[in-house]
Amino acid sequence: MSFPQVDEKRALQSVLRLLSSGGRRDPAAEMAREVLSRRMTLREAGNSLAYGEMFTQAVTDAAATMESTSPQQRAEAEAALAHAADVLDPPAAPPVLPPRRRTPAEDDDWDESVTSPWDHR
């Protein structure tokens, strides 16, 4: 069985933005704000004393949940994850810019008698 491709970076950013909206005293929200502001990496957060226990508990809970699910439920979860980033953080449409006209720059100080500062004719 093949699973849909997941844009992990985009999904991670979406989850971090969702977590960061928590309260000021919420450790997960604080950690998400630190990672989003690039003051710390996710690896540094996981290895830190402040947030390490939170990660350990989350992994323990996720492992217990995965063990109790059927293969069909896991496949459904993978399929849902593939589209989670689109739901949490819809892709922004690229801005539509008007076509640029290629015109020469106006230069009132141009002296056509000199073609180059190195040309001493």
# chains A, B, ... in the order shown; residues from 1 in each chain; ligands from 1
>>> residues_around(residues="region 36-46 of chain A", least_positions_apart="6", cutoff="12 Å", atoms="only C-alpha atoms", output="PyMOL selection string")
chain A and resi 9+12-21+27-30+52-59
>>> closest_residue(among="A:Ala50, A:Met66, A:Ala11, A:Ala79", to="Asp26 (chain A)", atoms="only C-alpha atoms")
A:Ala50
>>> decode(residues="region 14-61 of chain A", atoms="N, CA and C atoms", output="JSON list (two decimals), in the first residue's frame")
[["chain", "number", "residue", "atom", "x", "y", "z"],
["A", 14, "SER", "N", 2.64, 24.37, 10.04],
["A", 14, "SER", "CA", 1.22, 24.56, 10.34],
["A", 14, "SER", "C", 0.92, 24.17, 11.78],
["A", 15, "VAL", "N", 1.46, 23.04, 12.20],
["A", 15, "VAL", "CA", 1.22, 22.58, 13.58],
["A", 15, "VAL", "C", 1.85, 23.53, 14.58],
["A", 16, "LEU", "N", 3.05, 24.01, 14.27],
["A", 16, "LEU", "CA", 3.71, 24.95, 15.18],
["A", 16, "LEU", "C", 2.91, 26.25, 15.29],
["A", 17, "ARG", "N", 2.37, 26.74, 14.17],
["A", 17, "ARG", "CA", 1.55, 27.96, 14.23],
["A", 17, "ARG", "C", 0.29, 27.72, 15.06],
["A", 18, "LEU", "N", -0.30, 26.54, 14.90],
["A", 18, "LEU", "CA", -1.50, 26.21, 15.68],
["A", 18, "LEU", "C", -1.15, 26.13, 17.17],
["A", 19, "LEU", "N", -0.04, 25.47, 17.50],
["A", 19, "LEU", "CA", 0.38, 25.38, 18.90],
["A", 19, "LEU", "C", 0.72, 26.74, 19.49],
["A", 20, "SER", "N", 1.32, 27.61, 18.69],
["A", 20, "SER", "CA", 1.78, 28.91, 19.19],
["A", 20, "SER", "C", 0.64, 29.82, 19.61],
["A", 21, "SER", "N", -0.57, 29.50, 19.20],
["A", 21, "SER", "CA", -1.71, 30.34, 19.56],
["A", 21, "SER", "C", -2.22, 30.05, 20.97],
["A", 22, "GLY", "N", -1.58, 29.12, 21.68],
["A", 22, "GLY", "CA", -1.98, 28.80, 23.05],
["A", 22, "GLY", "C", -1.64, 29.93, 24.01],
["A", 23, "GLY", "N", -1.98, 29.74, 25.26],
["A", 23, "GLY", "CA", -1.77, 30.77, 26.28],
["A", 23, "GLY", "C", -0.31, 31.04, 26.58],
["A", 24, "ARG", "N", -0.07, 32.14, 27.28],
["A", 24, "ARG", "CA", 1.31, 32.55, 27.61],
["A", 24, "ARG", "C", 2.01, 31.54, 28.49],
["A", 25, "ARG", "N", 1.27, 30.84, 29.34],
["A", 25, "ARG", "CA", 1.90, 29.90, 30.26],
["A", 25, "ARG", "C", 1.87, 28.46, 29.75],
["A", 26, "ASP", "N", 1.38, 28.26, 28.54],
["A", 26, "ASP", "CA", 1.33, 26.92, 27.95],
["A", 26, "ASP", "C", 2.72, 26.59, 27.41],
["A", 27, "PRO", "N", 3.39, 25.53, 27.96],
["A", 27, "PRO", "CA", 4.74, 25.23, 27.51],
["A", 27, "PRO", "C", 4.82, 24.86, 26.02],
["A", 28, "ALA", "N", 3.80, 24.20, 25.49],
["A", 28, "ALA", "CA", 3.82, 23.84, 24.07],
["A", 28, "ALA", "C", 3.72, 25.09, 23.20],
["A", 29, "ALA", "N", 2.90, 26.05, 23.62],
["A", 29, "ALA", "CA", 2.77, 27.30, 22.86],
["A", 29, "ALA", "C", 4.08, 28.09, 22.93],
["A", 30, "GLU", "N", 4.68, 28.12, 24.10],
["A", 30, "GLU", "CA", 5.95, 28.83, 24.26],
["A", 30, "GLU", "C", 7.04, 28.21, 23.38],
["A", 31, "MET", "N", 7.12, 26.88, 23.39],
["A", 31, "MET", "CA", 8.10, 26.18, 22.58],
["A", 31, "MET", "C", 7.86, 26.45, 21.10],
["A", 32, "ALA", "N", 6.60, 26.41, 20.67],
["A", 32, "ALA", "CA", 6.28, 26.65, 19.27],
["A", 32, "ALA", "C", 6.68, 28.06, 18.85],
["A", 33, "ARG", "N", 6.45, 29.04, 19.72],
["A", 33, "ARG", "CA", 6.85, 30.41, 19.40],
["A", 33, "ARG", "C", 8.36, 30.54, 19.31],
["A", 34, "GLU", "N", 9.09, 29.85, 20.18],
["A", 34, "GLU", "CA", 10.55, 29.87, 20.13],
["A", 34, "GLU", "C", 11.07, 29.26, 18.82],
["A", 35, "VAL", "N", 10.47, 28.15, 18.40],
["A", 35, "VAL", "CA", 10.91, 27.49, 17.17],
["A", 35, "VAL", "C", 10.54, 28.33, 15.95],
["A", 36, "LEU", "N", 9.33, 28.88, 15.94],
["A", 36, "LEU", "CA", 8.91, 29.69, 14.80],
["A", 36, "LEU", "C", 9.75, 30.96, 14.66],
["A", 37, "SER", "N", 10.18, 31.51, 15.79],
["A", 37, "SER", "CA", 11.00, 32.73, 15.74],
["A", 37, "SER", "C", 12.46, 32.42, 15.46],
["A", 38, "ARG", "N", 12.79, 31.14, 15.34],
["A", 38, "ARG", "CA", 14.14, 30.65, 15.05],
["A", 38, "ARG", "C", 15.15, 30.96, 16.16],
["A", 39, "ARG", "N", 14.63, 31.16, 17.37],
["A", 39, "ARG", "CA", 15.54, 31.31, 18.51],
["A", 39, "ARG", "C", 16.05, 29.95, 18.96],
["A", 40, "MET", "N", 15.35, 28.89, 18.55],
["A", 40, "MET", "CA", 15.77, 27.53, 18.86],
["A", 40, "MET", "C", 15.22, 26.60, 17.79],
["A", 41, "THR", "N", 15.93, 25.51, 17.56],
["A", 41, "THR", "CA", 15.46, 24.52, 16.60],
["A", 41, "THR", "C", 14.57, 23.52, 17.31],
["A", 42, "LEU", "N", 13.85, 22.74, 16.55],
["A", 42, "LEU", "CA", 13.00, 21.71, 17.15],
["A", 42, "LEU", "C", 13.86, 20.68, 17.88],
["A", 43, "ARG", "N", 15.02, 20.37, 17.34],
["A", 43, "ARG", "CA", 15.94, 19.43, 18.00],
["A", 43, "ARG", "C", 16.40, 20.00, 19.34],
["A", 44, "GLU", "N", 16.76, 21.29, 19.37],
["A", 44, "GLU", "CA", 17.18, 21.92, 20.62],
["A", 44, "GLU", "C", 16.04, 21.92, 21.63],
["A", 45, "ALA", "N", 14.82, 22.14, 21.16],
["A", 45, "ALA", "CA", 13.67, 22.12, 22.07],
["A", 45, "ALA", "C", 13.48, 20.72, 22.66],
["A", 46, "GLY", "N", 13.61, 19.70, 21.82],
["A", 46, "GLY", "CA", 13.45, 18.33, 22.31],
["A", 46, "GLY", "C", 14.53, 17.92, 23.29],
["A", 47, "ASN", "N", 15.73, 18.47, 23.13],
["A", 47, "ASN", "CA", 16.84, 18.14, 24.02],
["A", 47, "ASN", "C", 16.90, 19.02, 25.27],
["A", 48, "SER", "N", 16.07, 20.04, 25.33],
["A", 48, "SER", "CA", 16.13, 20.97, 26.45],
["A", 48, "SER", "C", 15.44, 20.39, 27.68],
["A", 49, "LEU", "N", 15.86, 20.86, 28.84],
["A", 49, "LEU", "CA", 15.21, 20.45, 30.09],
["A", 49, "LEU", "C", 13.80, 20.99, 30.18],
["A", 50, "ALA", "N", 13.58, 22.18, 29.60],
["A", 50, "ALA", "CA", 12.26, 22.82, 29.69],
["A", 50, "ALA", "C", 11.19, 22.07, 28.89],
["A", 51, "TYR", "N", 11.55, 21.56, 27.72],
["A", 51, "TYR", "CA", 10.54, 20.96, 26.85],
["A", 51, "TYR", "C", 10.75, 19.47, 26.59],
["A", 52, "GLY", "N", 11.86, 18.92, 27.00],
["A", 52, "GLY", "CA", 12.17, 17.52, 26.73],
["A", 52, "GLY", "C", 11.12, 16.55, 27.26],
["A", 53, "GLU", "N", 10.66, 16.78, 28.48],
["A", 53, "GLU", "CA", 9.65, 15.88, 29.07],
["A", 53, "GLU", "C", 8.34, 15.93, 28.28],
["A", 54, "MET", "N", 7.99, 17.12, 27.78],
["A", 54, "MET", "CA", 6.78, 17.27, 26.98],
["A", 54, "MET", "C", 6.88, 16.40, 25.71],
["A", 55, "PHE", "N", 8.05, 16.42, 25.05],
["A", 55, "PHE", "CA", 8.26, 15.60, 23.85],
["A", 55, "PHE", "C", 8.21, 14.12, 24.19],
["A", 56, "THR", "N", 8.86, 13.73, 25.29],
["A", 56, "THR", "CA", 8.89, 12.33, 25.70],
["A", 56, "THR", "C", 7.47, 11.81, 25.94],
["A", 57, "GLN", "N", 6.65, 12.60, 26.62],
["A", 57, "GLN", "CA", 5.27, 12.20, 26.89],
["A", 57, "GLN", "C", 4.46, 12.12, 25.60],
["A", 58, "ALA", "N", 4.68, 13.06, 24.69],
["A", 58, "ALA", "CA", 3.94, 13.04, 23.42],
["A", 58, "ALA", "C", 4.29, 11.81, 22.60],
["A", 59, "VAL", "N", 5.57, 11.43, 22.57],
["A", 59, "VAL", "CA", 5.99, 10.25, 21.81],
["A", 59, "VAL", "C", 5.43, 8.99, 22.46],
["A", 60, "THR", "N", 5.44, 8.93, 23.78],
["A", 60, "THR", "CA", 4.89, 7.78, 24.49],
["A", 60, "THR", "C", 3.40, 7.63, 24.19],
["A", 61, "ASP", "N", 2.67, 8.73, 24.23],
["A", 61, "ASP", "CA", 1.23, 8.69, 23.93],
["A", 61, "ASP", "C", 0.98, 8.29, 22.48]]
